[in-house]
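All remarks here apply to the structure that follows.
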Amino acid sequence: MSLRRGALHGRPAALPMAPSSAEEDDAAVLAAVAELAVDLEAPLHQLPAEGLPAQFVADVATALKAADPYNEPGEGLKKWGGIYHATGREGEEGGGLEELQATISTEYLSTNALYAGLWPSIQKFEREIVAMTVAMLNGGEDAVGLLTSGGTESILLPILGYREWGKLKGITEPEIICGDTAHPALAKACFYFGVKLVVTTVDPVTQRIVPDAVRAATTPSTVAIYASAPNFPNGRVDPIVELGEYAVERGLGLHVDNCLGGFYLSFAQQAGLLQDVRWDFGVPGVTTISVDVHKYGMAAKGVSVVAFADAALRRGTFYPVVELLGTYITPTMQGSRNGVGMAIAWATMVSTGQDGYRKMARDVHSVHTAMKAAVNNTGQSTCSSFFWSHF
Ligand SMILES: Cc1ncc(COP(=O)(O)O)c(C=O)c1O
């Protein structure tokens, strides 16, 4: 670990006389910290009795992060870790975006979107992220959205919306039908909101939902179908068009989980790729879509959008609290929300632009195409997903 001069800034009493070299400085810091009997690299079970010098704490955190496997030096960016864009220092691939994100995060660190009157800039970011994402999904004039903390919350909210929508139709024990490739967030949502999850078996070869199985699983209590574009386990896009037709015929909702494929699929199509895939609001019957800005939208973690074909379904997700402390209304499940994620996401989206996302989609597609060919060339196995299997 490297300790810099001034490491004990703010704790002069613990310091010996100003040392003459960086090495002596480091040694002095270590000696002073040893005196405090603090080893931040060992597990802490309680707060340090005295607050530690900021620079020392920062140095320890930097050293800990540098030792994380994600940062292991190697050829190229080989670690994934749920980070969907290149991260790198200046001059490296992804360096420019990461620097912009770092600058923005410093600006917006101590903000709270709950107090929109104090930070209208955050409110602007939130509205524009939602609007740009809904437009990307071919949302019509009536389409609306909500900015959430991630894919999971973007799945929780529409499930709540479908439960409330069902109530309006007299359904007291709502059911949602999915394939067994649905993301676990759906099961959490059903548990949280008291919705019965009806799991159908996907086609063993294509790994896509079988519409006939959905038909067979439908009951008078079914409120919605849940499909993926694509699913997490193997990157397959469910037959959204057929499911949409059926949803319209039966008056059901249809949620499309586009958390993983969001931005990639939309911009791959804009780039002339994957022309036969259909999943967004251009498909009749699609009523809600979850799409993660913090995946292929390339933002830092903590930002996703759930889009609704119209405001009526979204209405069911709001709970204006009037019985405690006066009127309290928040758009999603959270109360206080740090504006930093929204500011980073907004800056990422507008600095990347449609051309940048098209490039990202082309790059991902060419890697995928090469991987698919490599797998298929082994003769051992067939890979046909739009993404990759997580091997
Ligand atoms: C298809 C799909 N849906 C939902 C999620 C959940 O997203 P999050 O981890 O942001 O909550 C993921 C995460 O990988 C996903 O791949």
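Here's how to read the names in the structure tokens: chain A, B, ... by the order shown, residue numbers from 1 in each chain, ligand numbers from 1 in the order shown.
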Near-ligand residues for ligand 1, threshold 10 Å, only C-alpha atoms and all ligand atoms, as a PDB file with N, CA and C atoms, in the first residue's frame:
ATOM      1  N   GLY A  82     -20.733  -8.404 -14.146  1.00  0.00           N
ATOM      2  CA  GLY A  82     -21.980  -7.652 -14.303  1.00  0.00           C
ATOM      3  C   GLY A  82     -21.746  -6.221 -14.758  1.00  0.00           C
ATOM      4  N   THR A 148     -35.916   3.370 -11.756  1.00  0.00           N
ATOM      5  CA  THR A 148     -35.769   2.533 -10.560  1.00  0.00           C
ATOM      6  C   THR A 148     -34.296   2.282 -10.260  1.00  0.00           C
ATOM      7  N   SER A 149     -34.096   1.513  -9.208  1.00  0.00           N
ATOM      8  CA  SER A 149     -32.727   1.262  -8.736  1.00  0.00           C
ATOM      9  C   SER A 149     -32.035   0.119  -9.485  1.00  0.00           C
ATOM     10  N   GLY A 150     -32.769  -0.611 -10.305  1.00  0.00           N
ATOM     11  CA  GLY A 150     -32.148  -1.736 -11.015  1.00  0.00           C
ATOM     12  C   GLY A 150     -33.209  -2.648 -11.596  1.00  0.00           C
ATOM     13  N   GLY A 151     -32.743  -3.702 -12.248  1.00  0.00           N
ATOM     14  CA  GLY A 151     -33.661  -4.618 -12.906  1.00  0.00           C
ATOM     15  C   GLY A 151     -34.676  -5.212 -11.945  1.00  0.00           C
ATOM     16  N   THR A 152     -34.228  -5.536 -10.757  1.00  0.00           N
ATOM     17  CA  THR A 152     -35.147  -6.162  -9.801  1.00  0.00           C
ATOM     18  C   THR A 152     -36.316  -5.235  -9.481  1.00  0.00           C
ATOM     19  N   GLU A 153     -36.027  -3.970  -9.189  1.00  0.00           N
ATOM     20  CA  GLU A 153     -37.132  -3.048  -8.873  1.00  0.00           C
ATOM     21  C   GLU A 153     -37.997  -2.794 -10.117  1.00  0.00           C
ATOM     22  N   SER A 154     -37.372  -2.859 -11.297  1.00  0.00           N
ATOM     23  CA  SER A 154     -38.152  -2.672 -12.533  1.00  0.00           C
ATOM     24  C   SER A 154     -39.047  -3.872 -12.824  1.00  0.00           C
ATOM     25  N   ILE A 155     -38.830  -4.969 -12.117  1.00  0.00           N
ATOM     26  CA  ILE A 155     -39.716  -6.131 -12.239  1.00  0.00           C
ATOM     27  C   ILE A 155     -40.730  -6.119 -11.091  1.00  0.00           C
ATOM     28  N   LEU A 156     -40.275  -5.709  -9.902  1.00  0.00           N
ATOM     29  CA  LEU A 156     -41.200  -5.644  -8.756  1.00  0.00           C
ATOM     30  C   LEU A 156     -42.386  -4.724  -9.067  1.00  0.00           C
ATOM     31  N   THR A 181     -37.255 -20.037 -17.470  1.00  0.00           N
ATOM     32  CA  THR A 181     -36.019 -19.289 -17.682  1.00  0.00           C
ATOM     33  C   THR A 181     -36.153 -17.851 -17.165  1.00  0.00           C
ATOM     34  N   ALA A 182     -37.287 -17.531 -16.528  1.00  0.00           N
ATOM     35  CA  ALA A 182     -37.499 -16.152 -16.036  1.00  0.00           C
ATOM     36  C   ALA A 182     -36.477 -15.824 -14.960  1.00  0.00           C
ATOM     37  N   HIS A 183     -36.139 -14.550 -14.865  1.00  0.00           N
ATOM     38  CA  HIS A 183     -35.162 -14.124 -13.848  1.00  0.00           C
ATOM     39  C   HIS A 183     -35.773 -14.291 -12.448  1.00  0.00           C
ATOM     40  N   PRO A 184     -34.934 -14.691 -11.472  1.00  0.00           N
ATOM     41  CA  PRO A 184     -35.450 -14.891 -10.098  1.00  0.00           C
ATOM     42  C   PRO A 184     -36.140 -13.658  -9.502  1.00  0.00           C
ATOM     43  N   ALA A 185     -35.846 -12.476 -10.027  1.00  0.00           N
ATOM     44  CA  ALA A 185     -36.509 -11.271  -9.491  1.00  0.00           C
ATOM     45  C   ALA A 185     -38.026 -11.402  -9.589  1.00  0.00           C
ATOM     46  N   LEU A 186     -38.489 -12.157 -10.574  1.00  0.00           N
ATOM     47  CA  LEU A 186     -39.941 -12.337 -10.730  1.00  0.00           C
ATOM     48  C   LEU A 186     -40.511 -13.115  -9.548  1.00  0.00           C
ATOM     49  N   ALA A 227     -42.459 -12.506 -20.076  1.00  0.00           N
ATOM     50  CA  ALA A 227     -41.528 -13.076 -21.061  1.00  0.00           C
ATOM     51  C   ALA A 227     -40.221 -12.306 -21.009  1.00  0.00           C
ATOM     52  N   SER A 228     -39.191 -12.852 -21.650  1.00  0.00           N
ATOM     53  CA  SER A 228     -37.874 -12.213 -21.570  1.00  0.00           C
ATOM     54  C   SER A 228     -37.314 -11.921 -22.965  1.00  0.00           C
ATOM     55  N   ALA A 229     -36.567 -10.823 -23.059  1.00  0.00           N
ATOM     56  CA  ALA A 229     -35.917 -10.467 -24.326  1.00  0.00           C
ATOM     57  C   ALA A 229     -34.535  -9.903 -24.034  1.00  0.00           C
ATOM     58  N   PRO A 230     -33.538 -10.733 -23.849  1.00  0.00           N
ATOM     59  CA  PRO A 230     -33.613 -12.183 -23.757  1.00  0.00           C
ATOM     60  C   PRO A 230     -33.613 -12.614 -22.294  1.00  0.00           C
ATOM     61  N   ASN A 231     -33.699 -13.952 -22.090  1.00  0.00           N
ATOM     62  CA  ASN A 231     -33.617 -14.458 -20.720  1.00  0.00           C
ATOM     63  C   ASN A 231     -32.152 -14.514 -20.272  1.00  0.00           C
ATOM     64  N   PHE A 232     -31.954 -14.516 -18.960  1.00  0.00           N
ATOM     65  CA  PHE A 232     -30.595 -14.485 -18.427  1.00  0.00           C
ATOM     66  C   PHE A 232     -29.844 -15.804 -18.626  1.00  0.00           C
ATOM     67  N   PRO A 233     -30.480 -16.968 -18.401  1.00  0.00           N
ATOM     68  CA  PRO A 233     -29.679 -18.196 -18.433  1.00  0.00           C
ATOM     69  C   PRO A 233     -29.043 -18.493 -19.779  1.00  0.00           C
ATOM     70  N   ASN A 234     -29.750 -18.225 -20.893  1.00  0.00           N
ATOM     71  CA  ASN A 234     -29.142 -18.620 -22.162  1.00  0.00           C
ATOM     72  C   ASN A 234     -29.375 -17.636 -23.307  1.00  0.00           C
ATOM     73  N   GLY A 235     -29.821 -16.434 -22.970  1.00  0.00           N
ATOM     74  CA  GLY A 235     -29.853 -15.394 -23.998  1.00  0.00           C
ATOM     75  C   GLY A 235     -30.886 -15.563 -25.091  1.00  0.00           C
ATOM     76  N   ARG A 236     -31.946 -16.335 -24.842  1.00  0.00           N
ATOM     77  CA  ARG A 236     -32.976 -16.506 -25.872  1.00  0.00           C
ATOM     78  C   ARG A 236     -34.107 -15.495 -25.677  1.00  0.00           C
ATOM     79  N   VAL A 237     -34.639 -15.017 -26.798  1.00  0.00           N
ATOM     80  CA  VAL A 237     -35.778 -14.096 -26.749  1.00  0.00           C
ATOM     81  C   VAL A 237     -37.055 -14.917 -26.896  1.00  0.00           C
ATOM     82  N   VAL A 256     -42.391  -7.644 -20.665  1.00  0.00           N
ATOM     83  CA  VAL A 256     -41.170  -8.097 -21.340  1.00  0.00           C
ATOM     84  C   VAL A 256     -39.967  -7.673 -20.501  1.00  0.00           C
ATOM     85  N   ASP A 257     -39.225  -8.671 -20.037  1.00  0.00           N
ATOM     86  CA  ASP A 257     -38.002  -8.396 -19.282  1.00  0.00           C
ATOM     87  C   ASP A 257     -36.872  -8.175 -20.278  1.00  0.00           C
ATOM     88  N   ASN A 258     -36.614  -6.892 -20.521  1.00  0.00           N
ATOM     89  CA  ASN A 258     -35.558  -6.483 -21.456  1.00  0.00           C
ATOM     90  C   ASN A 258     -34.376  -5.891 -20.666  1.00  0.00           C
ATOM     91  N   CYS A 259     -34.297  -6.323 -19.378  1.00  0.00           N
ATOM     92  CA  CYS A 259     -33.244  -5.783 -18.504  1.00  0.00           C
ATOM     93  C   CYS A 259     -31.877  -6.022 -19.100  1.00  0.00           C
ATOM     94  N   LEU A 260     -31.642  -7.268 -19.510  1.00  0.00           N
ATOM     95  CA  LEU A 260     -30.336  -7.643 -20.047  1.00  0.00           C
ATOM     96  C   LEU A 260     -30.177  -7.155 -21.483  1.00  0.00           C
ATOM     97  N   GLY A 261     -31.206  -7.315 -22.277  1.00  0.00           N
ATOM     98  CA  GLY A 261     -31.085  -6.988 -23.707  1.00  0.00           C
ATOM     99  C   GLY A 261     -31.318  -5.536 -24.030  1.00  0.00           C
ATOM    100  N   GLY A 262     -31.764  -4.748 -23.039  1.00  0.00           N
ATOM    101  CA  GLY A 262     -32.069  -3.348 -23.294  1.00  0.00           C
ATOM    102  C   GLY A 262     -30.863  -2.615 -23.856  1.00  0.00           C
ATOM    103  N   SER A 290     -39.171  -3.922 -18.723  1.00  0.00           N
ATOM    104  CA  SER A 290     -38.092  -3.502 -17.824  1.00  0.00           C
ATOM    105  C   SER A 290     -36.800  -3.454 -18.618  1.00  0.00           C
ATOM    106  N   VAL A 291     -36.041  -2.378 -18.455  1.00  0.00           N
ATOM    107  CA  VAL A 291     -34.816  -2.213 -19.236  1.00  0.00           C
ATOM    108  C   VAL A 291     -33.757  -1.527 -18.370  1.00  0.00           C
ATOM    109  N   ASP A 292     -32.598  -2.158 -18.299  1.00  0.00           N
ATOM    110  CA  ASP A 292     -31.567  -1.654 -17.380  1.00  0.00           C
ATOM    111  C   ASP A 292     -30.599  -0.696 -18.060  1.00  0.00           C
ATOM    112  N   VAL A 293     -30.594   0.531 -17.536  1.00  0.00           N
ATOM    113  CA  VAL A 293     -29.605   1.492 -18.043  1.00  0.00           C
ATOM    114  C   VAL A 293     -28.224   1.095 -17.519  1.00  0.00           C
ATOM    115  N   HIS A 294     -28.228   0.380 -16.387  1.00  0.00           N
ATOM    116  CA  HIS A 294     -26.931   0.009 -15.803  1.00  0.00           C
ATOM    117  C   HIS A 294     -26.360  -1.311 -16.356  1.00  0.00           C
ATOM    118  N   LYS A 295     -26.947  -1.791 -17.427  1.00  0.00           N
ATOM    119  CA  LYS A 295     -26.308  -2.916 -18.129  1.00  0.00           C
ATOM    120  C   LYS A 295     -25.787  -2.362 -19.470  1.00  0.00           C
ATOM    121  N   LYS A 301     -23.931   1.256 -11.750  1.00  0.00           N
ATOM    122  CA  LYS A 301     -25.032   0.487 -11.165  1.00  0.00           C
ATOM    123  C   LYS A 301     -26.017   1.376 -10.401  1.00  0.00           C
ATOM    124  N   GLY A 302     -27.274   0.955 -10.446  1.00  0.00           N
ATOM    125  CA  GLY A 302     -28.301   1.657  -9.673  1.00  0.00           C
ATOM    126  C   GLY A 302     -29.333   2.375 -10.519  1.00  0.00           C
ATOM    127  N   VAL A 303     -29.362   2.125 -11.838  1.00  0.00           N
ATOM    128  CA  VAL A 303     -30.349   2.838 -12.672  1.00  0.00           C
ATOM    129  C   VAL A 303     -30.972   1.901 -13.706  1.00  0.00           C
ATOM    130  N   SER A 304     -32.287   1.853 -13.684  1.00  0.00           N
ATOM    131  CA  SER A 304     -33.062   1.051 -14.620  1.00  0.00           C
ATOM    132  C   SER A 304     -34.361   1.809 -14.897  1.00  0.00           C
TER     133      SER A 304
END
Members of stretch 165-389 of chain A assigned alpha helix (DSSP H) by DSSP, as a VMD selection string
chain A and resid 165 to 168 184 to 193 211 to 217 240 to 250 264 to 270 311 to 315 340 to 377
Residues of stretch 82-175 of chain A at most 9 Å from stretch 313-332 of chain A: nearest atom pair and distance in Å, only C-alpha atoms, as a Markdown table:
| residue | atom | partner | partner_atom | distance |
| --- | --- | --- | --- | --- |
| A:Leu114 | CA | A:Thr330 | CA | 7.6 |
| A:Val144 | CA | A:Arg314 | CA | 7.9 |
| A:Gly145 | CA | A:Arg314 | CA | 7.7 |
| A:Leu146 | CA | A:Pro331 | CA | 7.1 |
| A:Leu147 | CA | A:Thr332 | CA | 7.7 |
| A:Thr148 | CA | A:Thr332 | CA | 6.7 |
| A:Glu153 | CA | A:Thr332 | CA | 8.5 |
| A:Leu157 | CA | A:Thr317 | CA | 6.0 |
| A:Pro158 | CA | A:Thr317 | CA | 7.1 |
| A:Ile159 | CA | A:Thr317 | CA | 8.7 |
| A:Leu160 | CA | A:Thr317 | CA | 5.9 |
| A:Gly161 | CA | A:Gly316 | CA | 4.6 |
| A:Tyr162 | CA | A:Leu313 | CA | 7.1 |
| A:Arg163 | CA | A:Gly316 | CA | 8.1 |
| A:Glu164 | CA | A:Gly316 | CA | 5.3 |
| A:Trp165 | CA | A:Leu313 | CA | 6.6 |
Quick one: residues within 12 Å of A:Ala116, only C-alpha atoms, excluding same-chain residues fewer than 5 positions away - as a compact mmCIF listing (two decimals) with C-alpha atoms, in the first residue's frame?
# COMPACT_ATOMS: atom_id res chain seq x y z
CA THR A 111 -27.73 14.90 -3.40
CA SER A 121 -31.22 19.19 -12.22
CA ILE A 122 -31.68 15.65 -10.91
CA GLN A 123 -35.38 15.79 -11.72
CA LYS A 124 -34.45 16.79 -15.26
CA PHE A 125 -32.04 13.84 -15.51
CA GLU A 126 -34.64 11.42 -14.18
CA ARG A 127 -37.34 12.60 -16.59
CA THR A 330 -42.68 8.98 -4.09
CA PRO A 331 -42.56 7.58 -7.61
CA SER A 336 -34.45 9.10 -0.38
CA ARG A 337 -32.49 8.39 -3.54
CA ASN A 338 -29.00 9.54 -4.27
CA GLY A 339 -29.01 11.63 -7.44
Spatial neighbours of A:Ala309, max dist 8 Å, only C-alpha atoms, sep filter under 3 positions, as a PyMOL selection string
chain A and resi 139-140+142-144+281+286-288+313
